[in-house]
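Data from final_19.cif: mmCIF, C-alpha atoms
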data_model
#
loop_
_atom_site.label_atom_id
_atom_site.label_comp_id
_atom_site.auth_asym_id
_atom_site.auth_seq_id
_atom_site.Cartn_x
_atom_site.Cartn_y
_atom_site.Cartn_z
CA MET A 791 -31.81 10.06 7.76
CA HIS A 792 -29.85 7.21 9.28
CA GLU A 793 -30.88 8.14 12.80
CA LEU A 794 -32.38 4.71 13.43
CA SER A 795 -29.14 2.87 12.78
CA VAL A 796 -27.30 5.40 14.94
CA ALA A 797 -29.88 4.91 17.70
CA LEU A 798 -29.42 1.15 17.49
CA GLY A 799 -25.68 1.74 17.77
CA ILE A 800 -26.18 3.80 20.91
CA VAL A 801 -28.30 1.08 22.49
CA LYS A 802 -25.77 -1.61 21.58
CA ALA A 803 -22.80 0.38 22.89
CA ALA A 804 -24.63 1.16 26.12
CA LEU A 805 -25.71 -2.41 26.75
CA LYS A 806 -22.08 -3.51 26.44
CA ARG A 807 -21.31 -1.45 29.51
CA VAL A 808 -24.42 -1.75 31.61
CA LYS A 809 -24.97 -5.23 32.96
CA ARG A 810 -27.19 -4.35 35.90
CA GLY A 811 -29.86 -1.75 36.50
CA ARG A 812 -31.54 0.48 34.00
CA VAL A 813 -30.30 3.47 32.09
CA VAL A 814 -32.25 6.63 32.81
CA GLU A 815 -30.18 9.12 30.88
CA VAL A 816 -27.96 8.99 27.81
CA GLN A 817 -25.68 11.88 26.87
CA VAL A 818 -24.67 12.11 23.24
CA ALA A 819 -22.50 14.70 21.47
CA ILE A 820 -23.32 15.29 17.81
CA GLY A 821 -20.74 16.88 15.52
CA GLU A 822 -22.08 19.85 13.62
CA LEU A 823 -20.73 18.43 10.36
CA THR A 824 -22.54 15.10 10.63
CA HIS A 825 -25.98 14.69 9.17
CA ILE A 826 -27.61 13.53 12.37
CA ASN A 827 -30.69 15.41 13.45
CA ALA A 828 -31.10 15.48 17.25
CA GLU A 829 -34.89 15.50 17.22
CA GLN A 830 -35.09 12.53 14.87
CA LEU A 831 -32.43 10.75 16.86
CA ARG A 832 -34.52 11.09 20.03
CA PHE A 833 -37.51 9.61 18.24
CA ALA A 834 -35.45 6.76 16.80
CA PHE A 835 -33.89 6.13 20.20
CA GLU A 836 -37.31 5.76 21.78
CA ILE A 837 -38.03 2.95 19.35
CA ALA A 838 -34.57 1.39 19.40
CA SER A 839 -34.49 1.22 23.19
CA ARG A 840 -37.82 -0.55 23.65
CA GLY A 841 -37.56 -3.75 25.58
CA THR A 842 -33.98 -3.02 26.67
CA ALA A 843 -32.43 -1.61 29.85
CA LEU A 844 -32.51 1.76 28.08
CA GLU A 845 -36.24 1.91 27.59
CA GLY A 846 -37.62 5.22 28.78
CA ALA A 847 -34.18 6.79 29.20
CA GLU A 848 -33.85 10.45 28.34
CA LEU A 849 -31.57 11.09 25.38
CA LYS A 850 -29.68 14.33 25.94
CA THR A 851 -27.79 15.78 23.04
CA ARG A 852 -25.29 18.56 22.62
CA ILE A 853 -23.81 19.85 19.40
CA VAL A 854 -20.03 19.85 18.93
CA GLU A 855 -19.06 22.88 16.90
CA ALA A 856 -17.09 22.40 13.76
CA GLU A 857 -13.49 23.50 13.80
CA LEU A 858 -11.32 23.32 10.71
CA ARG A 859 -7.70 24.19 10.04
CA CYS A 860 -6.06 25.19 6.80
CA VAL A 861 -3.73 22.47 5.55
CA ARG A 862 -1.28 25.12 4.37
CA CYS A 863 -1.26 28.21 6.55
CA ARG A 864 -2.87 26.55 9.60
CA THR A 865 -5.49 29.30 9.96
CA ARG A 866 -8.49 27.99 11.86
CA GLY A 867 -12.08 28.57 10.88
CA LYS A 868 -15.43 27.06 10.09
CA SER A 869 -15.55 27.24 6.31
CA PHE A 870 -14.31 24.53 3.98
CA THR A 871 -11.94 26.82 2.16
CA CYS A 872 -9.30 28.83 3.98
CA GLY A 873 -10.41 32.44 4.27
CA ARG A 874 -6.79 33.59 4.16
CA CYS A 875 -5.03 31.55 1.49
CA GLY A 876 -7.84 29.66 -0.26
CA SER A 877 -6.44 26.20 0.48
CA ALA A 878 -8.36 23.17 1.68
CA MET A 879 -9.23 22.81 5.35
CA GLU A 880 -8.91 19.72 7.51
CA VAL A 881 -11.51 18.94 10.11
CA LEU A 882 -10.41 19.08 13.75
CA SER A 883 -13.82 18.57 15.26
CA GLY A 884 -17.44 18.36 14.24
CA GLU A 885 -17.50 14.94 12.60
CA GLU A 886 -18.03 12.90 15.72
CA LEU A 887 -21.01 11.15 17.15
CA LEU A 888 -19.98 10.55 20.69
CA LEU A 889 -21.79 8.46 23.26
CA GLU A 890 -20.44 10.38 26.24
CA ARG A 891 -22.01 8.95 29.38
CA LEU A 892 -24.90 7.07 30.85
CA LYS A 893 -26.81 7.52 34.05
CA VAL A 894 -27.69 4.15 35.53
CA VAL A 895 -30.08 3.36 38.34
CA GLU A 896 -29.64 0.15 40.27
CA ASP A 897 -31.79 -1.20 43.02
CA ALA A 898 -29.58 -1.51 46.09
CA PRO A 899 -29.18 -5.01 47.51
CA ARG A 900 -31.41 -5.53 50.49
CA MET B 257 -33.50 2.41 47.86
CA HIS B 258 -31.66 2.63 44.64
CA ARG B 259 -28.26 3.75 43.57
CA VAL B 260 -27.58 6.15 40.72
CA SER B 261 -24.26 5.98 38.97
CA GLU B 262 -22.66 7.66 36.00
CA VAL B 263 -20.90 5.53 33.43
CA GLU B 264 -18.32 7.31 31.29
CA VAL B 265 -18.34 5.94 27.78
CA GLN B 266 -16.78 8.39 25.28
CA GLU B 267 -17.26 6.10 22.33
CA ASP B 268 -17.47 7.61 18.86
CA LEU B 269 -20.20 5.66 17.11
CA LEU B 270 -19.00 6.70 13.68
CA GLN B 271 -15.45 5.63 14.47
CA ALA B 272 -16.19 1.94 14.00
CA ASN B 273 -17.16 2.64 10.40
CA ARG B 274 -14.03 4.73 9.84
CA GLU B 275 -11.85 1.88 11.05
CA LEU B 276 -13.57 -0.58 8.74
CA ALA B 277 -13.16 1.87 5.87
CA GLU B 278 -9.45 2.07 6.63
CA ARG B 279 -9.27 -1.71 6.56
CA ASN B 280 -10.99 -1.76 3.15
CA ARG B 281 -8.55 0.85 1.87
CA ARG B 282 -5.54 -1.17 3.03
CA LEU B 283 -6.92 -4.32 1.42
CA LEU B 284 -7.41 -2.51 -1.89
CA GLU B 285 -3.90 -1.08 -1.77
CA GLU B 286 -2.45 -4.48 -0.98
CA LYS B 287 -4.22 -6.07 -3.91
CA GLY B 288 -3.38 -3.23 -6.24
CA VAL B 289 -6.96 -2.28 -7.04
CA VAL B 290 -8.40 1.20 -7.25
CA ALA B 291 -11.96 1.59 -5.97
CA VAL B 292 -13.99 4.52 -7.20
CA GLU B 293 -17.01 5.39 -5.09
CA VAL B 294 -19.75 7.11 -7.07
CA SER B 295 -22.34 9.00 -5.02
CA GLY B 296 -25.11 11.33 -6.01
CA ALA B 297 -28.83 11.85 -5.90
CA ILE B 298 -31.40 9.50 -7.40
CA GLY B 299 -31.48 10.03 -11.15
CA SER B 300 -28.29 12.08 -11.33
CA GLY B 301 -26.73 9.61 -13.75
CA LYS B 302 -24.42 7.51 -11.57
CA SER B 303 -25.25 4.18 -13.17
CA THR B 304 -25.16 5.58 -16.70
CA LEU B 305 -21.72 7.10 -16.16
CA ILE B 306 -20.43 3.81 -14.80
CA GLU B 307 -21.94 1.88 -17.73
CA LEU B 308 -20.34 4.22 -20.22
CA ALA B 309 -16.98 3.93 -18.48
CA VAL B 310 -17.11 0.14 -18.48
CA GLY B 311 -17.83 0.23 -22.20
CA GLU B 312 -14.99 2.63 -22.89
CA LEU B 313 -12.18 1.44 -20.61
CA LYS B 314 -11.72 -1.98 -22.16
CA GLN B 315 -8.05 -2.14 -21.25
CA TYR B 316 -8.89 -2.44 -17.54
CA ARG B 317 -10.38 -5.33 -15.62
CA ILE B 318 -13.41 -3.79 -13.97
CA ALA B 319 -15.97 -4.93 -11.39
CA ALA B 320 -18.79 -3.12 -9.67
CA ILE B 321 -20.46 -3.05 -6.29
CA ALA B 322 -23.96 -1.72 -6.71
CA GLY B 323 -25.82 -0.34 -3.72
CA ASP B 324 -29.57 -0.26 -3.86
CA VAL B 325 -32.15 0.05 -1.15
CA VAL B 326 -34.11 -3.03 -2.18
CA ALA B 327 -34.04 -4.23 -5.77
CA SER B 328 -30.91 -5.10 -7.72
CA LEU B 329 -31.73 -3.24 -10.92
CA ASP B 330 -28.40 -1.44 -11.12
CA ALA B 331 -26.55 -4.69 -10.57
CA GLU B 332 -28.45 -6.20 -13.49
CA ARG B 333 -27.56 -3.22 -15.69
CA PHE B 334 -23.85 -3.67 -14.95
CA ARG B 335 -23.96 -7.42 -15.29
CA ARG B 336 -25.24 -7.08 -18.85
CA LEU B 337 -21.91 -5.43 -19.66
CA GLY B 338 -20.15 -8.65 -18.80
CA ILE B 339 -18.40 -7.50 -15.64
CA GLU B 340 -18.52 -9.07 -12.22
CA VAL B 341 -21.06 -7.34 -9.96
CA VAL B 342 -21.84 -7.62 -6.28
CA PRO B 343 -25.29 -6.24 -5.52
CA LEU B 344 -25.60 -4.71 -2.07
CA ASN B 345 -29.03 -4.31 -0.64
CA THR B 346 -29.03 -1.93 2.26
CA GLY B 347 -32.50 -2.99 3.37
CA ARG B 348 -34.03 0.28 4.41
CA GLU B 349 -30.77 2.08 4.93
CA CYS B 350 -30.00 5.27 3.08
CA HIS B 351 -26.28 4.67 2.53
CA LEU B 352 -23.65 2.01 2.10
CA ASP B 353 -21.24 1.53 4.96
CA ALA B 354 -17.74 0.17 5.22
CA HIS B 355 -18.96 -3.07 6.74
CA LEU B 356 -21.22 -3.89 3.78
CA VAL B 357 -18.52 -2.91 1.30
CA GLY B 358 -15.96 -5.03 3.15
CA HIS B 359 -18.13 -8.10 2.64
CA ALA B 360 -18.68 -7.22 -1.01
CA LEU B 361 -14.90 -6.98 -1.51
CA GLU B 362 -14.57 -10.51 -0.13
CA GLN B 363 -16.70 -11.73 -3.01
CA LEU B 364 -14.51 -10.21 -5.72
CA PRO B 365 -11.31 -11.65 -7.17
CA LEU B 366 -9.30 -8.56 -6.19
CA GLU B 367 -5.98 -9.81 -7.60
CA GLU B 368 -7.53 -9.99 -11.03
CA LEU B 369 -8.99 -6.48 -11.05
CA ASP B 370 -7.80 -2.97 -11.84
CA LEU B 371 -10.86 -0.88 -11.06
CA ILE B 372 -13.92 -1.34 -8.89
CA PHE B 373 -16.85 1.03 -9.12
CA VAL B 374 -18.79 1.32 -5.90
CA GLU B 375 -22.14 2.90 -6.58
CA ASN B 376 -23.67 4.30 -3.45
CA VAL B 377 -27.38 4.57 -2.72
CA GLY B 378 -28.96 7.61 -4.40
CA ASN B 379 -28.59 10.20 -1.68
CA LEU B 380 -26.46 13.31 -1.20
CA ILE B 381 -26.74 13.45 2.56
CA CYS B 382 -26.13 10.22 4.43
CA PRO B 383 -23.20 8.80 2.43
CA ALA B 384 -21.18 11.81 3.57
CA ASP B 385 -21.10 10.41 7.12
CA PHE B 386 -19.89 6.96 6.08
CA GLU B 387 -16.56 6.47 4.40
CA LEU B 388 -16.33 3.20 2.52
CA GLY B 389 -12.59 2.96 2.01
CA ALA B 390 -12.57 3.68 -1.73
CA GLN B 391 -9.40 5.57 -2.72
CA VAL B 392 -11.29 7.79 -5.13
CA ARG B 393 -14.59 9.50 -4.54
CA VAL B 394 -16.79 10.95 -7.22
CA VAL B 395 -20.00 12.91 -6.67
CA VAL B 396 -22.46 13.17 -9.56
CA VAL B 397 -25.02 15.96 -9.66
CA SER B 398 -27.23 16.98 -12.55
CA VAL B 399 -28.44 20.42 -13.57
CA THR B 400 -32.02 19.18 -13.23
CA GLU B 401 -31.56 19.04 -9.47
CA GLY B 402 -31.35 22.84 -9.48
CA ASP B 403 -28.14 24.82 -9.57
CA ASP B 404 -28.12 25.31 -5.80
CA ILE B 405 -27.84 21.56 -5.19
CA VAL B 406 -24.08 21.74 -4.62
CA ALA B 407 -24.22 24.57 -2.10
CA LYS B 408 -26.99 22.75 -0.22
CA HIS B 409 -24.94 19.58 0.30
CA PRO B 410 -21.46 20.65 1.34
CA GLY B 411 -20.56 17.47 3.24
CA ILE B 412 -20.42 15.11 0.31
CA PHE B 413 -18.21 17.38 -1.81
CA ARG B 414 -15.65 17.90 0.89
CA ARG B 415 -14.09 14.47 0.64
CA ALA B 416 -14.53 13.94 -3.09
CA GLN B 417 -11.78 14.17 -5.69
CA LEU B 418 -14.15 14.72 -8.60
CA ALA B 419 -17.54 16.37 -9.02
CA VAL B 420 -19.39 15.58 -12.22
CA ILE B 421 -22.05 18.05 -13.27
CA ASN B 422 -24.23 15.99 -15.57
CA LYS B 423 -27.03 16.72 -18.05
CA ILE B 424 -25.58 20.08 -19.13
CA ASP B 425 -27.57 19.67 -22.38
CA LEU B 426 -30.68 20.33 -20.27
CA ALA B 427 -29.35 23.37 -18.40
CA SER B 428 -31.14 25.96 -20.52
CA PHE B 429 -34.45 24.08 -20.27
CA VAL B 430 -34.42 24.01 -16.49
CA GLY B 431 -32.84 27.44 -16.03
CA ALA B 432 -29.77 26.10 -14.24
CA ASP B 433 -26.26 27.51 -14.46
CA PRO B 434 -23.67 24.72 -14.50
CA GLU B 435 -20.90 27.30 -14.02
CA LYS B 436 -22.43 28.31 -10.70
CA MET B 437 -22.53 24.65 -9.67
CA ALA B 438 -18.86 24.27 -10.58
CA ARG B 439 -17.94 27.41 -8.62
CA ASP B 440 -19.87 26.21 -5.56
CA ALA B 441 -18.13 22.84 -5.70
CA ARG B 442 -14.66 24.43 -5.88
CA ARG B 443 -15.49 26.76 -3.04
CA LEU B 444 -16.38 23.77 -0.85
CA ASN B 445 -13.25 21.92 -1.82
CA PRO B 446 -10.46 23.83 -3.53
CA GLU B 447 -8.74 20.57 -4.51
CA LEU B 448 -11.81 19.18 -6.22
CA GLU B 449 -11.74 18.50 -9.93
CA VAL B 450 -14.99 19.51 -11.63
CA LEU B 451 -16.32 18.22 -14.96
CA GLN B 452 -19.37 19.49 -16.79
CA LEU B 453 -20.71 16.91 -19.20
CA SER B 454 -23.72 15.21 -20.68
CA ALA B 455 -23.84 11.43 -20.48
CA ARG B 456 -26.71 11.49 -23.00
CA THR B 457 -25.18 13.61 -25.76
CA GLY B 458 -21.64 12.53 -25.01
CA GLU B 459 -20.40 16.09 -24.56
CA ASN B 460 -17.14 16.13 -22.60
CA LEU B 461 -17.43 12.44 -21.69
CA SER B 462 -13.83 12.07 -22.77
CA SER B 463 -12.82 13.98 -19.62
CA TRP B 464 -14.67 11.45 -17.47
CA TYR B 465 -12.77 8.63 -19.14
CA GLY B 466 -9.55 10.62 -18.85
CA PHE B 467 -10.05 11.04 -15.12
CA LEU B 468 -10.66 7.31 -14.68
CA ARG B 469 -7.61 6.39 -16.75
CA ARG B 470 -5.51 8.65 -14.55
CA VAL B 471 -6.77 7.11 -11.32
CA ALA B 472 -6.45 3.58 -12.70
CA GLU B 473 -2.78 4.31 -13.44
CA LEU B 474 -2.31 5.28 -9.79
CA LYS B 475 -2.57 1.60 -8.97
CA PRO B 476 -0.16 0.91 -6.14
CA THR B 477 1.34 -2.14 -7.86
CA SER B 478 0.84 -1.28 -11.52
CA SER B 479 3.56 -3.40 -13.00
CA GLY B 480 3.35 -2.34 -16.61
CA ARG B 481 0.85 -4.88 -17.76
#

Go ahead and render the structure in this file as structure tokens.
Amino acid sequence: MHELSVALGIVKAALKRVKRGRVVEVQVAIGELTHINAEQLRFAFEIASRGTALEGAELKTRIVEAELRCVRCRTRGKSFTCGRCGSAMEVLSGEELLLERLKVVEDAPR
Amino acid sequence: MHRVSEVEVQEDLLQANRELAERNRRLLEEKGVVAVEVSGAIGSGKSTLIELAVGELKQYRIAAIAGDVVASLDAERFRRLGIEVVPLNTGRECHLDAHLVGHALEQLPLEELDLIFVENVGNLICPADFELGAQVRVVVVSVTEGDDIVAKHPGIFRRAQLAVINKIDLASFVGADPEKMARDARRLNPELEVLQLSARTGENLSSWYGFLRRVAELKPTSSGR
């Protein structure tokens, strides 16, 4: 639901790093536990990137699987309650929204 | 001819918010104030529960930060109770974030406060991705949302300390089982405290006040005022 603000964040973070050329591909990793929908993010990105060096870039997404660990017995799993001892689980991965890399095309100096 | 290059970034876009939330939390601790974030769906009873608490907990100095998408109706409701209120309009956004809350905290006389209620935008989904820095997090759901509402929104319950199941006086009319909701909430978060109450009839409201008194006493610099 907040895909547009995330898309704007992606554009802003990318523009910080790309001073020349245009971005043709953006790779993003979405944690399974976030509430970001990849399809909506692509749509929002299309709008957020208009008029910038990212306009027309392909937004590629991959999902980062959730991994949790029991705070007591350290058993790993995907549920929010430890399957072995019933304690709470801490999140090791799955809450990130990572801008991983950009593919940039630059016209070579003549 | 053109040249194609790869730029490694590896920036977590949610991390910036987490860092701001941490800054808010440190500020609150420093000033000896406890912030209680109240999230929940539209119409679940967030504002009513805050209003009732302000009326009941007269021994504490209370302020509120009221998140709304556009209007400032909730802020007006709280202001009528005679407390200081910072309205936060998110524009079109579906959640508060740590940046907005940080600015709201700047507008409050933190040294002179014990408790700050931070009412999030009515939404069970997006606020789960954005910590605000409040030390205490409460999620309010009502039986009228259907008794599968908890199981459908695991994210928001995971980081909460208290789940309030509101409107239990209506459970039989809407065919909802508040016990199932309570079980679902505990399954998502074994450390979660769960209260079933009715803000309208007053049933079990004393537990809501009791919870707030307990967290207010956790004040880092409570010096026996």

Quick one: residues within 12 Å of (-20.2, 12.7, 17.4) (file frame), counting only C-alpha atoms, please, as JSON, numbers by chain.
-> {"A": [796, 800, 817, 818, 819, 820, 821, 822, 823, 824, 825, 826, 827, 828, 851, 852, 853, 854, 855, 856, 883, 884, 885, 886, 887, 888, 889, 890], "B": [266, 267, 268, 269, 270, 271, 272, 385]}

Let me know the residues the PyMOL selection byres ((chain B) within 12 of (chain A)) catches in the file above, as a compact mmCIF listing (two decimals) with C-alpha atoms, in the frame of the given file.
# COMPACT_ATOMS: atom_id res chain seq x y z
CA MET B 257 -33.50 2.41 47.86
CA HIS B 258 -31.66 2.63 44.64
CA ARG B 259 -28.26 3.75 43.57
CA VAL B 260 -27.58 6.15 40.72
CA SER B 261 -24.26 5.98 38.97
CA GLU B 262 -22.66 7.66 36.00
CA VAL B 263 -20.90 5.53 33.43
CA GLU B 264 -18.32 7.31 31.29
CA VAL B 265 -18.34 5.94 27.78
CA GLN B 266 -16.78 8.39 25.28
CA GLU B 267 -17.26 6.10 22.33
CA ASP B 268 -17.47 7.61 18.86
CA LEU B 269 -20.20 5.66 17.11
CA LEU B 270 -19.00 6.70 13.68
CA GLN B 271 -15.45 5.63 14.47
CA ALA B 272 -16.19 1.94 14.00
CA ASN B 273 -17.16 2.64 10.40
CA ARG B 274 -14.03 4.73 9.84
CA THR B 346 -29.03 -1.93 2.26
CA GLY B 347 -32.50 -2.99 3.37
CA ARG B 348 -34.03 0.28 4.41
CA GLU B 349 -30.77 2.08 4.93
CA CYS B 350 -30.00 5.27 3.08
CA HIS B 351 -26.28 4.67 2.53
CA LEU B 352 -23.65 2.01 2.10
CA ASP B 353 -21.24 1.53 4.96
CA ASN B 379 -28.59 10.20 -1.68
CA LEU B 380 -26.46 13.31 -1.20
CA ILE B 381 -26.74 13.45 2.56
CA CYS B 382 -26.13 10.22 4.43
CA PRO B 383 -23.20 8.80 2.43
CA ALA B 384 -21.18 11.81 3.57
CA ASP B 385 -21.10 10.41 7.12
CA PHE B 386 -19.89 6.96 6.08
CA GLU B 387 -16.56 6.47 4.40
CA ALA B 407 -24.22 24.57 -2.10
CA HIS B 409 -24.94 19.58 0.30
CA PRO B 410 -21.46 20.65 1.34
CA GLY B 411 -20.56 17.47 3.24
CA ILE B 412 -20.42 15.11 0.31
CA PHE B 413 -18.21 17.38 -1.81
CA ARG B 414 -15.65 17.90 0.89
CA ARG B 415 -14.09 14.47 0.64
CA ASP B 440 -19.87 26.21 -5.56
CA ALA B 441 -18.13 22.84 -5.70
CA ARG B 442 -14.66 24.43 -5.88
CA ARG B 443 -15.49 26.76 -3.04
CA LEU B 444 -16.38 23.77 -0.85
CA ASN B 445 -13.25 21.92 -1.82
CA PRO B 446 -10.46 23.83 -3.53
CA GLU B 447 -8.74 20.57 -4.51
CA LEU B 448 -11.81 19.18 -6.22

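With only C-alpha atoms as the atoms that count, the minimum distance from Ala331 in chain B to the choices B:Asn345, B:Gln315, B:Ser295, B:Ser454 is reached by B:Asn345.
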
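Among the candidates A:Leu858, A:Val801, A:Gly873, A:Gly867, the residue lying nearest to Gly841 in chain A is A:Val801 (atoms considered: only C-alpha atoms).
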
Skip range 395-406 of chain B itself and residues of its chain fewer than 4 positions away, then list as a PyMOL selection string all residues within 7 Å of it, counting only C-alpha atoms.
-> chain B and resi 294-297+300-302+410+413+416+418-424+427+430+432-434+436-437+440-441

Residue neighbourhood range 369-377 of chain B, 7 Å, only C-alpha atoms, exclusion window fewer than 2 positions, as a list in words |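 Listed by chain and then number, they are Val289, Val290, Ala291, Val292, Glu293, Val294, Ser295, Tyr316, Arg317, Ile318, Ala319, Ala320, Ile321, Ala322, Gly323, Asp324, Val325, Cys350, His351, Leu352, Pro365, Leu366, Glu367, Asn379 and Ala472 of chain B.
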
Restrict the selected residues to C-alpha atoms and save them as a CSV table (one decimal), in the frame of the given file.
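Result saved to part-v5.csv:
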chain,number,residue,atom,x,y,z
B,289,VAL,CA,-7.0,-2.3,-7.0
B,290,VAL,CA,-8.4,1.2,-7.2
B,291,ALA,CA,-12.0,1.6,-6.0
B,292,VAL,CA,-14.0,4.5,-7.2
B,293,GLU,CA,-17.0,5.4,-5.1
B,294,VAL,CA,-19.8,7.1,-7.1
B,295,SER,CA,-22.3,9.0,-5.0
B,316,TYR,CA,-8.9,-2.4,-17.5
B,317,ARG,CA,-10.4,-5.3,-15.6
B,318,ILE,CA,-13.4,-3.8,-14.0
B,319,ALA,CA,-16.0,-4.9,-11.4
B,320,ALA,CA,-18.8,-3.1,-9.7
B,321,ILE,CA,-20.5,-3.0,-6.3
B,322,ALA,CA,-24.0,-1.7,-6.7
B,323,GLY,CA,-25.8,-0.3,-3.7
B,324,ASP,CA,-29.6,-0.3,-3.9
B,325,VAL,CA,-32.2,0.0,-1.2
B,350,CYS,CA,-30.0,5.3,3.1
B,351,HIS,CA,-26.3,4.7,2.5
B,352,LEU,CA,-23.6,2.0,2.1
B,365,PRO,CA,-11.3,-11.6,-7.2
B,366,LEU,CA,-9.3,-8.6,-6.2
B,367,GLU,CA,-6.0,-9.8,-7.6
B,379,ASN,CA,-28.6,10.2,-1.7
B,472,ALA,CA,-6.4,3.6,-12.7

How would you write, as a PyMOL selection string, the residues chosen by the PyMOL selection byres ((chain B and resi 337) around 12) on this structure?
-> chain B and resi 304+306-314+318-320+330-336+338-341

Dump of C-alpha atoms for the selected residues, as a JSON list (two decimals), in the coordinates of the input:
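Result saved to result.json:
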[["chain", "number", "residue", "atom", "x", "y", "z"],
["B", 304, "THR", "CA", -25.16, 5.58, -16.70],
["B", 306, "ILE", "CA", -20.43, 3.81, -14.80],
["B", 307, "GLU", "CA", -21.94, 1.88, -17.73],
["B", 308, "LEU", "CA", -20.34, 4.22, -20.22],
["B", 309, "ALA", "CA", -16.98, 3.93, -18.48],
["B", 310, "VAL", "CA", -17.11, 0.14, -18.48],
["B", 311, "GLY", "CA", -17.83, 0.23, -22.20],
["B", 312, "GLU", "CA", -14.99, 2.63, -22.89],
["B", 313, "LEU", "CA", -12.18, 1.44, -20.61],
["B", 314, "LYS", "CA", -11.72, -1.98, -22.16],
["B", 318, "ILE", "CA", -13.41, -3.79, -13.97],
["B", 319, "ALA", "CA", -15.97, -4.93, -11.39],
["B", 320, "ALA", "CA", -18.79, -3.12, -9.67],
["B", 330, "ASP", "CA", -28.40, -1.44, -11.12],
["B", 331, "ALA", "CA", -26.55, -4.69, -10.57],
["B", 332, "GLU", "CA", -28.45, -6.20, -13.49],
["B", 333, "ARG", "CA", -27.56, -3.22, -15.69],
["B", 334, "PHE", "CA", -23.85, -3.67, -14.95],
["B", 335, "ARG", "CA", -23.96, -7.42, -15.29],
["B", 336, "ARG", "CA", -25.24, -7.08, -18.85],
["B", 338, "GLY", "CA", -20.15, -8.65, -18.80],
["B", 339, "ILE", "CA", -18.40, -7.50, -15.64],
["B", 340, "GLU", "CA", -18.52, -9.07, -12.22],
["B", 341, "VAL", "CA", -21.06, -7.34, -9.96]]
